[in-house]
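Enquirer: Got a structure here, written out as structure tokens. Questions coming.
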Amino acid sequence: MIELKEVSLNYKEVRALDNINLSIKPGKCHGLIGPNGAGKSSLVKVISGIIRDFKGKVSFIDKSIRGIIPGYVPQDISLQEKLSTDSNLNFYGRIYGLKGKELANRKENVLKAIGLENRLKSKVSTFSGGMKRRLNIGCAIMHQPDLIILDEPTVGVDPQSRKYIFELIRSLKQEGKTIIYTSHYMEEIELLCDEVTFIDKGKVIEHGTIDNLINKYSESSIYIEGVSKEFISEYDWKSKDNGIQILSDNPLSDLSEISKKFEEVGVEPTQLSLMKPSLEEVFFKLTGTDLRDTNI
């Protein structure tokens, strides 16, 4: 679907993108992961055609990216809040060349997809943050684009709106759409994306399927809460969230051994479990920083 070759971008003296080479497959949801300032938003603006003054090449199925019209959903809400849902959808639909019955049909389908059928005449200013996010996405897909770019689409949304957004993304994938999804919520990336690219300091530092990356970089471990560190001093451990993470090559055997030891000394942890490898661990391995501890 998309191929980037040696893409670089400068903001005056700041190197926002540094020689990016990346291929994004069609019909997949591709996650972009990185801390604030890593270059994620700059990269999607280049792909969407918003930023044109860059070095390198971006191609879309053997055509220049400048020849397509993706559905781009920016971090900032791009709606006219004094107007209604209907007026906003009409505006974007007409920008994309829709009119008459075609515009009406697309509007109806989009409203169902974002769950706002009953708010057609409501002013956007009366909406919650999550409802605005949903309408923002709806406006971007009025022209049924093959490529949809979502830049942090769930920031500040309520659980109901997050559910609608997730269901919409799954539906778009089933239709064969290609989706680029930037987020710093690792659980969202793992839930929705087929492949991921880690970006840091304007460079691609790793790329691949979620399973392959987790298998490549994550270590098996055990998680414990509610015990003193003196009881696990002989193990390779580190602090994690509200407890302790023990790295292990044989997690099942070590879990049984630790459990017996706690039983012998009369210690009862509040939590003792195998820890599932995650993308956050991969990020830490690659950058040495927990993603949630970065300036996001």
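For the structure tokens, the naming scheme is as follows: chains receive sequential letters (A, B, ...) according to their order of presentation, residues are indexed from 1 within each chain, and ligands are indexed from 1 in presentation order.
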Write out as a list in words which residues come within 10 Å of Ser248 in chain A when counting only C-alpha atoms, dropping same-chain ones fewer than 6 positions away.
Expert: Glu219, Ser220, Ser221, Ile222, Tyr235, Asp236, Trp237, Asp254 and Leu255 of chain A
Enquirer: Can I get the selection written as a PDB file, in the first residue's frame, with C-alpha atoms?
Expert:
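Output below, filename part02.pdb:
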ATOM      1  CA  GLU A 219      11.619 -11.886  28.537  1.00  0.00           C
ATOM      2  CA  SER A 220       9.482 -14.333  30.455  1.00  0.00           C
ATOM      3  CA  SER A 221       8.816 -13.097  33.967  1.00  0.00           C
ATOM      4  CA  ILE A 222       6.851 -13.402  37.193  1.00  0.00           C
ATOM      5  CA  TYR A 235      16.432 -13.684  41.774  1.00  0.00           C
ATOM      6  CA  ASP A 236      16.996 -11.215  38.958  1.00  0.00           C
ATOM      7  CA  TRP A 237      14.283  -8.685  39.749  1.00  0.00           C
ATOM      8  CA  ASP A 254      10.462 -20.526  39.316  1.00  0.00           C
ATOM      9  CA  LEU A 255       6.828 -19.651  40.056  1.00  0.00           C
TER      10      LEU A 255
END
Enquirer: Write out as an mmCIF file with N, CA and C atoms, in the first residue's frame which residues come within 12 Å of range 242-246 of chain A when counting only C-alpha atoms, dropping same-chain ones fewer than 2 positions away.
Expert:
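What landed in selection20.cif:
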data_model
loop_
_atom_site.group_PDB
_atom_site.id
_atom_site.type_symbol
_atom_site.label_atom_id
_atom_site.label_comp_id
_atom_site.auth_asym_id
_atom_site.auth_seq_id
_atom_site.Cartn_x
_atom_site.Cartn_y
_atom_site.Cartn_z
ATOM 1 N N GLU A 219 11.121 -10.807 27.693
ATOM 2 C CA GLU A 219 11.619 -11.886 28.537
ATOM 3 C C GLU A 219 10.482 -12.426 29.397
ATOM 4 N N SER A 220 10.479 -13.732 29.579
ATOM 5 C CA SER A 220 9.482 -14.333 30.455
ATOM 6 C C SER A 220 9.723 -13.851 31.885
ATOM 7 N N SER A 221 8.638 -13.634 32.623
ATOM 8 C CA SER A 221 8.816 -13.097 33.967
ATOM 9 C C SER A 221 7.651 -13.444 34.870
ATOM 10 N N ILE A 222 7.853 -13.181 36.152
ATOM 11 C CA ILE A 222 6.851 -13.402 37.193
ATOM 12 C C ILE A 222 6.599 -12.071 37.877
ATOM 13 N N TYR A 223 5.336 -11.821 38.207
ATOM 14 C CA TYR A 223 4.987 -10.551 38.860
ATOM 15 C C TYR A 223 4.476 -10.828 40.269
ATOM 16 N N ILE A 224 4.974 -10.039 41.228
ATOM 17 C CA ILE A 224 4.606 -10.224 42.634
ATOM 18 C C ILE A 224 4.254 -8.877 43.249
ATOM 19 N N GLU A 225 3.211 -8.874 44.051
ATOM 20 C CA GLU A 225 2.853 -7.704 44.858
ATOM 21 C C GLU A 225 2.655 -8.130 46.297
ATOM 22 N N GLY A 226 2.968 -7.222 47.205
ATOM 23 C CA GLY A 226 2.656 -7.437 48.616
ATOM 24 C C GLY A 226 3.682 -8.211 49.410
ATOM 25 N N VAL A 227 4.938 -8.292 48.923
ATOM 26 C CA VAL A 227 5.992 -8.968 49.699
ATOM 27 C C VAL A 227 7.233 -8.086 49.740
ATOM 28 N N SER A 228 8.063 -8.318 50.741
ATOM 29 C CA SER A 228 9.315 -7.592 50.859
ATOM 30 C C SER A 228 10.335 -8.141 49.860
ATOM 31 N N LYS A 229 11.192 -7.256 49.364
ATOM 32 C CA LYS A 229 12.201 -7.658 48.372
ATOM 33 C C LYS A 229 13.205 -8.661 48.951
ATOM 34 N N GLU A 230 13.322 -8.734 50.270
ATOM 35 C CA GLU A 230 14.292 -9.660 50.875
ATOM 36 C C GLU A 230 13.944 -11.117 50.586
ATOM 37 N N PHE A 231 12.687 -11.400 50.317
ATOM 38 C CA PHE A 231 12.274 -12.773 50.066
ATOM 39 C C PHE A 231 12.604 -13.250 48.648
ATOM 40 N N ILE A 232 12.976 -12.341 47.768
ATOM 41 C CA ILE A 232 13.288 -12.732 46.388
ATOM 42 C C ILE A 232 14.675 -12.206 45.983
ATOM 43 N N SER A 233 15.526 -11.976 46.969
ATOM 44 C CA SER A 233 16.827 -11.339 46.713
ATOM 45 C C SER A 233 17.732 -12.171 45.810
ATOM 46 N N GLU A 234 17.525 -13.498 45.775
ATOM 47 C CA GLU A 234 18.410 -14.329 44.952
ATOM 48 C C GLU A 234 18.018 -14.337 43.479
ATOM 49 N N TYR A 235 16.898 -13.699 43.161
ATOM 50 C CA TYR A 235 16.432 -13.684 41.774
ATOM 51 C C TYR A 235 16.798 -12.365 41.074
ATOM 52 N N ASP A 236 16.769 -12.419 39.770
ATOM 53 C CA ASP A 236 16.996 -11.215 38.958
ATOM 54 C C ASP A 236 15.682 -10.454 38.876
ATOM 55 N N TRP A 237 15.559 -9.375 39.654
ATOM 56 C CA TRP A 237 14.283 -8.685 39.749
ATOM 57 C C TRP A 237 14.448 -7.181 39.527
ATOM 58 N N LYS A 238 13.296 -6.526 39.255
ATOM 59 C CA LYS A 238 13.252 -5.066 39.177
ATOM 60 C C LYS A 238 11.867 -4.604 39.597
ATOM 61 N N SER A 239 11.781 -3.369 40.040
ATOM 62 C CA SER A 239 10.490 -2.811 40.425
ATOM 63 C C SER A 239 9.613 -2.643 39.186
ATOM 64 N N LYS A 240 8.323 -2.927 39.334
ATOM 65 C CA LYS A 240 7.385 -2.829 38.219
ATOM 66 C C LYS A 240 6.023 -2.428 38.767
ATOM 67 N N SER A 248 12.927 -14.503 34.212
ATOM 68 C CA SER A 248 13.148 -15.933 34.370
ATOM 69 C C SER A 248 13.192 -16.640 33.023
ATOM 70 N N ASP A 249 14.134 -17.578 32.885
ATOM 71 C CA ASP A 249 14.177 -18.435 31.702
ATOM 72 C C ASP A 249 13.221 -19.616 31.848
ATOM 73 N N ASN A 250 12.864 -19.936 33.091
ATOM 74 C CA ASN A 250 11.930 -21.034 33.381
ATOM 75 C C ASN A 250 10.840 -20.534 34.329
ATOM 76 N N PRO A 251 9.935 -19.706 33.817
ATOM 77 C CA PRO A 251 8.969 -19.040 34.690
ATOM 78 C C PRO A 251 8.042 -19.989 35.457
ATOM 79 N N LEU A 252 7.613 -21.098 34.844
ATOM 80 C CA LEU A 252 6.715 -22.016 35.542
ATOM 81 C C LEU A 252 7.424 -22.678 36.722
ATOM 82 N N ASP A 254 10.147 -21.544 38.303
ATOM 83 C CA ASP A 254 10.462 -20.526 39.316
ATOM 84 C C ASP A 254 9.212 -20.097 40.080
ATOM 85 N N LEU A 255 8.077 -20.026 39.388
ATOM 86 C CA LEU A 255 6.828 -19.651 40.056
ATOM 87 C C LEU A 255 6.474 -20.670 41.136
ATOM 88 N N ILE A 258 9.015 -20.273 44.069
ATOM 89 C CA ILE A 258 8.743 -19.070 44.871
ATOM 90 C C ILE A 258 7.499 -19.271 45.726
ATOM 91 N N PRO A 269 1.564 -13.267 49.345
ATOM 92 C CA PRO A 269 1.537 -12.077 48.478
ATOM 93 C C PRO A 269 0.115 -11.738 48.054
ATOM 94 N N THR A 270 -0.125 -10.462 47.765
ATOM 95 C CA THR A 270 -1.446 -10.064 47.260
ATOM 96 C C THR A 270 -1.622 -10.444 45.798
ATOM 97 N N GLN A 271 -0.491 -10.630 45.100
ATOM 98 C CA GLN A 271 -0.538 -11.114 43.716
ATOM 99 C C GLN A 271 0.743 -11.870 43.392
ATOM 100 N N LEU A 272 0.573 -13.024 42.762
ATOM 101 C CA LEU A 272 1.701 -13.837 42.314
ATOM 102 C C LEU A 272 1.279 -14.519 41.017
ATOM 103 N N SER A 273 1.877 -14.102 39.900
ATOM 104 C CA SER A 273 1.402 -14.604 38.610
ATOM 105 C C SER A 273 2.483 -14.529 37.539
ATOM 106 N N LEU A 274 2.274 -15.317 36.481
ATOM 107 C CA LEU A 274 3.112 -15.182 35.301
ATOM 108 C C LEU A 274 2.787 -13.867 34.628
ATOM 109 N N MET A 275 3.789 -13.217 34.115
ATOM 110 C CA MET A 275 3.599 -11.913 33.483
ATOM 111 C C MET A 275 3.666 -12.057 31.968
ATOM 112 N N LYS A 276 2.598 -11.661 31.305
ATOM 113 C CA LYS A 276 2.532 -11.757 29.848
ATOM 114 C C LYS A 276 3.450 -10.717 29.211
ATOM 115 N N PRO A 277 4.302 -11.145 28.282
ATOM 116 C CA PRO A 277 5.160 -10.174 27.581
ATOM 117 C C PRO A 277 4.315 -9.127 26.873
ATOM 118 N N GLU A 281 7.352 -3.686 27.156
ATOM 119 C CA GLU A 281 8.660 -4.262 27.444
ATOM 120 C C GLU A 281 9.583 -4.129 26.240
#
Enquirer: Would you list, as a list of chain:residue names, the residues of range 63-133 of chain A that end up in strand (DSSP E) under DSSP run on this structure's backbone?
Expert: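 Restricting range 63-133 of chain A to strand (DSSP E) produces A:Lys63, A:Ser64, A:Gly71, A:Tyr72, A:Val73.
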Enquirer: Quick one: residues within 12 Å of Ser78 in chain A, only C-alpha atoms, excluding same-chain residues fewer than 6 positions away - as JSON, numbers by chain?
Expert: {"A": [72, 88, 89, 91, 92, 124, 132, 133, 134, 135, 136, 137, 138, 139, 140]}
Enquirer: Write the selection just made, keeping C-alpha atoms, as a PDB file, in the first residue's frame?
Expert:
ATOM      1  CA  TYR A  72      -6.755  11.968   7.924  1.00  0.00           C
ATOM      2  CA  ASN A  88     -20.101  19.252   9.392  1.00  0.00           C
ATOM      3  CA  LEU A  89     -20.635  16.021   7.468  1.00  0.00           C
ATOM      4  CA  PHE A  91     -19.098  20.256   4.464  1.00  0.00           C
ATOM      5  CA  TYR A  92     -16.522  17.465   4.360  1.00  0.00           C
ATOM      6  CA  VAL A 124     -21.101  20.065  18.004  1.00  0.00           C
ATOM      7  CA  LYS A 132     -16.434  15.016  18.945  1.00  0.00           C
ATOM      8  CA  ARG A 133     -13.688  12.468  18.346  1.00  0.00           C
ATOM      9  CA  ARG A 134     -16.179  10.097  16.745  1.00  0.00           C
ATOM     10  CA  LEU A 135     -17.570  12.807  14.489  1.00  0.00           C
ATOM     11  CA  ASN A 136     -14.027  13.879  13.606  1.00  0.00           C
ATOM     12  CA  ILE A 137     -13.374  10.348  12.338  1.00  0.00           C
ATOM     13  CA  GLY A 138     -16.725  10.283  10.541  1.00  0.00           C
ATOM     14  CA  CYS A 139     -15.873  13.434   8.584  1.00  0.00           C
ATOM     15  CA  ALA A 140     -12.544  11.916   7.506  1.00  0.00           C
TER      16      ALA A 140
END
Enquirer: I'd like the neighbourhood of Leu191 in chain A as a PDB file with N, CA and C atoms, in the first residue's frame, where a residue qualifies if any of its atoms comes within 9 Å (using only C-alpha atoms), though same-chain residues fewer than 4 positions away should be ignored.
Expert:
ATOM      1  N   PHE A 166     -13.121   1.615  18.341  1.00  0.00           N
ATOM      2  CA  PHE A 166     -12.524   0.302  18.120  1.00  0.00           C
ATOM      3  C   PHE A 166     -13.355  -0.523  17.137  1.00  0.00           C
ATOM      4  N   MET A 186      -0.352   1.376  24.788  1.00  0.00           N
ATOM      5  CA  MET A 186       0.118   0.100  24.265  1.00  0.00           C
ATOM      6  C   MET A 186      -1.002  -0.926  24.131  1.00  0.00           C
ATOM      7  N   GLU A 187      -1.954  -0.910  25.081  1.00  0.00           N
ATOM      8  CA  GLU A 187      -3.030  -1.898  25.021  1.00  0.00           C
ATOM      9  C   GLU A 187      -3.896  -1.709  23.776  1.00  0.00           C
TER      10      GLU A 187
END
Enquirer: When you look at range 202-210 of chain A with a cut-off of 7 Å (counting only C-alpha atoms), what residues show up, excluding the ones that are within fewer than 4 positions of it in the same chain? I need them as a ChimeraX atom specification.
Expert: /A:15-20,38-39,194-198,214
Enquirer: Fewer than 3 positions away in the same chain doesn't count, so skip those; otherwise give me all residues within 12 Å of range 106-114 of chain A, counting only C-alpha atoms, as number ranges by chain.
Expert: A: 85-94, 96-103, 117-121, 130-144, 160-172
Enquirer: Write to file, as a short mmCIF file (atom, residue, chain, number, x, y, z; two decimals), in the first residue's frame, the residues of the selection just made, with N, CA and C atoms.
Expert:
data_model
loop_
_atom_site.label_atom_id
_atom_site.label_comp_id
_atom_site.auth_asym_id
_atom_site.auth_seq_id
_atom_site.Cartn_x
_atom_site.Cartn_y
_atom_site.Cartn_z
N THR A 85 -24.02 18.42 13.49
CA THR A 85 -23.41 17.22 12.92
C THR A 85 -23.66 17.16 11.42
N ASP A 86 -24.90 17.41 11.04
CA ASP A 86 -25.29 17.37 9.63
C ASP A 86 -24.46 18.34 8.80
N SER A 87 -24.30 19.56 9.27
CA SER A 87 -23.56 20.58 8.52
C SER A 87 -22.09 20.21 8.39
N ASN A 88 -21.51 19.66 9.46
CA ASN A 88 -20.10 19.25 9.39
C ASN A 88 -19.89 18.13 8.39
N LEU A 89 -20.76 17.13 8.41
CA LEU A 89 -20.63 16.02 7.47
C LEU A 89 -20.88 16.49 6.04
N ASN A 90 -21.84 17.38 5.86
CA ASN A 90 -22.10 17.92 4.52
C ASN A 90 -20.87 18.68 3.99
N PHE A 91 -20.26 19.46 4.86
CA PHE A 91 -19.10 20.26 4.46
C PHE A 91 -17.97 19.36 3.96
N TYR A 92 -17.62 18.34 4.76
CA TYR A 92 -16.52 17.46 4.36
C TYR A 92 -16.90 16.61 3.16
N GLY A 93 -18.15 16.18 3.11
CA GLY A 93 -18.58 15.40 1.96
C GLY A 93 -18.46 16.18 0.66
N ARG A 94 -18.83 17.45 0.68
CA ARG A 94 -18.75 18.28 -0.53
C ARG A 94 -17.30 18.59 -0.90
N TYR A 96 -14.98 16.53 -0.65
CA TYR A 96 -14.55 15.32 -1.35
C TYR A 96 -15.33 15.06 -2.64
N GLY A 97 -16.19 16.00 -3.02
CA GLY A 97 -16.91 15.89 -4.29
C GLY A 97 -18.22 15.15 -4.23
N LEU A 98 -18.74 14.88 -3.03
CA LEU A 98 -20.02 14.19 -2.91
C LEU A 98 -21.17 15.18 -2.98
N LYS A 99 -22.28 14.72 -3.51
CA LYS A 99 -23.48 15.57 -3.56
C LYS A 99 -24.71 14.70 -3.76
N GLY A 100 -25.87 15.32 -3.55
CA GLY A 100 -27.13 14.66 -3.80
C GLY A 100 -27.31 13.37 -3.03
N LYS A 101 -27.82 12.35 -3.71
CA LYS A 101 -28.15 11.07 -3.08
C LYS A 101 -26.90 10.38 -2.54
N GLU A 102 -25.80 10.50 -3.27
CA GLU A 102 -24.55 9.87 -2.83
C GLU A 102 -24.09 10.45 -1.50
N LEU A 103 -24.20 11.77 -1.36
CA LEU A 103 -23.83 12.43 -0.11
C LEU A 103 -24.75 11.97 1.02
N GLU A 117 -26.49 8.69 15.09
CA GLU A 117 -27.69 8.83 14.24
C GLU A 117 -28.72 9.78 14.85
N ASN A 118 -28.80 9.78 16.18
CA ASN A 118 -29.83 10.59 16.85
C ASN A 118 -29.35 12.01 17.18
N ARG A 119 -28.15 12.37 16.72
CA ARG A 119 -27.63 13.70 17.02
C ARG A 119 -27.33 14.48 15.73
N LEU A 120 -28.07 14.18 14.68
CA LEU A 120 -27.81 14.79 13.38
C LEU A 120 -27.94 16.31 13.43
N LYS A 121 -28.94 16.83 14.13
CA LYS A 121 -29.19 18.26 14.15
C LYS A 121 -28.57 18.97 15.35
N GLY A 130 -15.58 12.70 23.63
CA GLY A 130 -15.61 11.45 22.89
C GLY A 130 -16.49 11.52 21.66
N MET A 131 -17.63 12.19 21.77
CA MET A 131 -18.54 12.34 20.63
C MET A 131 -17.88 13.18 19.53
N LYS A 132 -17.15 14.21 19.93
CA LYS A 132 -16.43 15.02 18.94
C LYS A 132 -15.38 14.19 18.22
N ARG A 133 -14.69 13.34 18.97
CA ARG A 133 -13.69 12.47 18.35
C ARG A 133 -14.34 11.55 17.32
N ARG A 134 -15.49 11.01 17.66
CA ARG A 134 -16.18 10.10 16.75
C ARG A 134 -16.62 10.83 15.48
N LEU A 135 -17.15 12.03 15.65
CA LEU A 135 -17.57 12.81 14.49
C LEU A 135 -16.37 13.22 13.65
N ASN A 136 -15.26 13.52 14.31
CA ASN A 136 -14.03 13.88 13.61
C ASN A 136 -13.60 12.75 12.67
N ILE A 137 -13.70 11.51 13.17
CA ILE A 137 -13.37 10.35 12.34
C ILE A 137 -14.40 10.21 11.22
N GLY A 138 -15.67 10.40 11.55
CA GLY A 138 -16.73 10.28 10.54
C GLY A 138 -16.52 11.23 9.37
N CYS A 139 -16.13 12.46 9.65
CA CYS A 139 -15.87 13.43 8.58
C CYS A 139 -14.73 12.98 7.68
N ALA A 140 -13.73 12.33 8.27
CA ALA A 140 -12.54 11.92 7.51
C ALA A 140 -12.81 10.73 6.59
N ILE A 141 -13.88 9.96 6.87
CA ILE A 141 -14.15 8.78 6.04
C ILE A 141 -15.38 8.95 5.16
N MET A 142 -15.85 10.18 5.01
CA MET A 142 -17.02 10.43 4.17
C MET A 142 -16.80 9.98 2.72
N HIS A 143 -15.58 10.09 2.22
CA HIS A 143 -15.30 9.75 0.82
C HIS A 143 -14.81 8.31 0.64
N GLN A 144 -14.99 7.48 1.67
CA GLN A 144 -14.59 6.07 1.63
C GLN A 144 -13.13 5.88 1.17
N GLN A 160 -17.48 4.60 26.23
CA GLN A 160 -18.44 4.32 25.16
C GLN A 160 -17.89 4.74 23.80
N SER A 161 -17.28 5.93 23.74
CA SER A 161 -16.72 6.41 22.48
C SER A 161 -15.53 5.56 22.05
N ARG A 162 -14.73 5.14 23.02
CA ARG A 162 -13.59 4.27 22.69
C ARG A 162 -14.09 2.97 22.06
N LYS A 163 -15.18 2.44 22.60
CA LYS A 163 -15.75 1.21 22.05
C LYS A 163 -16.21 1.42 20.60
N TYR A 164 -16.89 2.53 20.33
CA TYR A 164 -17.33 2.84 18.97
C TYR A 164 -16.13 2.96 18.02
N ILE A 165 -15.08 3.62 18.48
CA ILE A 165 -13.89 3.81 17.64
C ILE A 165 -13.24 2.47 17.33
N PHE A 166 -13.12 1.62 18.34
CA PHE A 166 -12.52 0.30 18.12
C PHE A 166 -13.35 -0.52 17.14
N GLU A 167 -14.67 -0.52 17.32
CA GLU A 167 -15.55 -1.29 16.43
C GLU A 167 -15.48 -0.75 15.01
N LEU A 168 -15.37 0.56 14.87
CA LEU A 168 -15.25 1.18 13.55
C LEU A 168 -13.95 0.75 12.87
N ILE A 169 -12.86 0.74 13.62
CA ILE A 169 -11.58 0.33 13.05
C ILE A 169 -11.63 -1.12 12.59
N ARG A 170 -12.22 -1.99 13.39
CA ARG A 170 -12.35 -3.40 12.99
C ARG A 170 -13.19 -3.53 11.73
N SER A 171 -14.27 -2.75 11.66
CA SER A 171 -15.12 -2.79 10.47
C SER A 171 -14.39 -2.31 9.23
N LEU A 172 -13.61 -1.25 9.37
CA LEU A 172 -12.84 -0.72 8.23
C LEU A 172 -11.79 -1.73 7.76
#
Enquirer: Using DSSP secondary structure from the backbone, list all alpha helix (DSSP H) positions within range 9-179 of chain A, as a PDB file with C-alpha atoms, in the first residue's frame.
Expert:
ATOM      1  CA  LYS A  40       4.959  10.124  14.709  1.00  0.00           C
ATOM      2  CA  SER A  41       2.750  13.103  13.853  1.00  0.00           C
ATOM      3  CA  SER A  42       5.302  14.486  11.397  1.00  0.00           C
ATOM      4  CA  LEU A  43       5.429  11.121   9.639  1.00  0.00           C
ATOM      5  CA  VAL A  44       1.652  10.798   9.248  1.00  0.00           C
ATOM      6  CA  LYS A  45       1.452  14.383   7.988  1.00  0.00           C
ATOM      7  CA  VAL A  46       3.995  13.508   5.316  1.00  0.00           C
ATOM      8  CA  ILE A  47       2.051  10.370   4.358  1.00  0.00           C
ATOM      9  CA  SER A  48      -1.244  12.268   4.267  1.00  0.00           C
ATOM     10  CA  THR A  85     -23.409  17.218  12.923  1.00  0.00           C
ATOM     11  CA  ASP A  86     -25.290  17.372   9.631  1.00  0.00           C
ATOM     12  CA  SER A  87     -23.557  20.578   8.522  1.00  0.00           C
ATOM     13  CA  ASN A  88     -20.101  19.252   9.392  1.00  0.00           C
ATOM     14  CA  LEU A  89     -20.635  16.021   7.468  1.00  0.00           C
ATOM     15  CA  ASN A  90     -22.096  17.922   4.518  1.00  0.00           C
ATOM     16  CA  PHE A  91     -19.098  20.256   4.464  1.00  0.00           C
ATOM     17  CA  TYR A  92     -16.522  17.465   4.360  1.00  0.00           C
ATOM     18  CA  GLY A  93     -18.583  15.402   1.958  1.00  0.00           C
ATOM     19  CA  ARG A  94     -18.747  18.282  -0.530  1.00  0.00           C
ATOM     20  CA  ILE A  95     -15.011  18.897  -0.177  1.00  0.00           C
ATOM     21  CA  GLY A 100     -27.130  14.655  -3.798  1.00  0.00           C
ATOM     22  CA  LYS A 101     -28.146  11.074  -3.075  1.00  0.00           C
ATOM     23  CA  GLU A 102     -24.551   9.872  -2.830  1.00  0.00           C
ATOM     24  CA  LEU A 103     -23.827  12.428  -0.109  1.00  0.00           C
ATOM     25  CA  ALA A 104     -27.025  11.509   1.777  1.00  0.00           C
ATOM     26  CA  ASN A 105     -26.235   7.780   1.645  1.00  0.00           C
ATOM     27  CA  ARG A 106     -22.667   8.241   2.821  1.00  0.00           C
ATOM     28  CA  LYS A 107     -23.811  10.483   5.651  1.00  0.00           C
ATOM     29  CA  GLU A 108     -26.329   7.883   6.802  1.00  0.00           C
ATOM     30  CA  ASN A 109     -23.734   5.098   6.785  1.00  0.00           C
ATOM     31  CA  VAL A 110     -21.159   7.199   8.612  1.00  0.00           C
ATOM     32  CA  LEU A 111     -23.630   8.246  11.299  1.00  0.00           C
ATOM     33  CA  LYS A 112     -24.431   4.600  12.028  1.00  0.00           C
ATOM     34  CA  ALA A 113     -20.740   3.713  12.151  1.00  0.00           C
ATOM     35  CA  ILE A 114     -19.926   6.428  14.708  1.00  0.00           C
ATOM     36  CA  GLY A 129     -15.049  15.047  23.954  1.00  0.00           C
ATOM     37  CA  GLY A 130     -15.610  11.453  22.890  1.00  0.00           C
ATOM     38  CA  MET A 131     -18.536  12.340  20.632  1.00  0.00           C
ATOM     39  CA  LYS A 132     -16.434  15.016  18.945  1.00  0.00           C
ATOM     40  CA  ARG A 133     -13.688  12.468  18.346  1.00  0.00           C
ATOM     41  CA  ARG A 134     -16.179  10.097  16.745  1.00  0.00           C
ATOM     42  CA  LEU A 135     -17.570  12.807  14.489  1.00  0.00           C
ATOM     43  CA  ASN A 136     -14.027  13.879  13.606  1.00  0.00           C
ATOM     44  CA  ILE A 137     -13.374  10.348  12.338  1.00  0.00           C
ATOM     45  CA  GLY A 138     -16.725  10.283  10.541  1.00  0.00           C
ATOM     46  CA  CYS A 139     -15.873  13.434   8.584  1.00  0.00           C
ATOM     47  CA  ALA A 140     -12.544  11.916   7.506  1.00  0.00           C
ATOM     48  CA  PRO A 159     -15.332   4.290  27.391  1.00  0.00           C
ATOM     49  CA  GLN A 160     -18.443   4.324  25.155  1.00  0.00           C
ATOM     50  CA  SER A 161     -16.721   6.408  22.480  1.00  0.00           C
ATOM     51  CA  ARG A 162     -13.591   4.274  22.695  1.00  0.00           C
ATOM     52  CA  LYS A 163     -15.753   1.209  22.046  1.00  0.00           C
ATOM     53  CA  TYR A 164     -17.327   2.838  18.966  1.00  0.00           C
ATOM     54  CA  ILE A 165     -13.890   3.814  17.644  1.00  0.00           C
ATOM     55  CA  PHE A 166     -12.524   0.302  18.120  1.00  0.00           C
ATOM     56  CA  GLU A 167     -15.550  -1.286  16.427  1.00  0.00           C
ATOM     57  CA  LEU A 168     -15.252   1.175  13.546  1.00  0.00           C
ATOM     58  CA  ILE A 169     -11.577   0.335  13.052  1.00  0.00           C
ATOM     59  CA  ARG A 170     -12.345  -3.397  12.990  1.00  0.00           C
ATOM     60  CA  SER A 171     -15.124  -2.788  10.472  1.00  0.00           C
ATOM     61  CA  LEU A 172     -12.838  -0.723   8.231  1.00  0.00           C
ATOM     62  CA  LYS A 173     -10.227  -3.494   8.345  1.00  0.00           C
ATOM     63  CA  GLN A 174     -12.861  -6.018   7.251  1.00  0.00           C
TER      64      GLN A 174
END
Enquirer: Name the residues in contact with Ile24 in chain A at a cut-off of 8 Å, using only C-alpha atoms, excluding same-chain residues fewer than 2 positions from it; report them as a PyMOL selection string.
Expert: chain A and resi 1-3+22+26+30
Enquirer: What gap, in Å, lies between CA of Leu247 in chain A and CA of Glu190 in chain A?
Expert: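 Taking CA of Leu247 in chain A as the start and CA of Glu190 in chain A as the end point, the length is 21.9 Å.
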Enquirer: Can you work out the spacing between CA of His184 in chain A and CA of Pro35 in chain A in Å, to one decimal?
Expert: 7.1 Å
Enquirer: Have a look at A:Ile61, A:Leu150, A:Asn212, A:Glu263 and name the one nearest to Ser183 in chain A; count only C-alpha atoms.
Expert: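 Among A:Ile61, A:Leu150, A:Asn212, A:Glu263, it is A:Leu150 that comes nearest to Ser183 in chain A.
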Enquirer: Find, counting only C-alpha atoms, the residue in A:Leu279, A:Ile149, A:Val155, A:Ile180 that gets nearest to Ile77 in chain A.
Expert: A:Val155
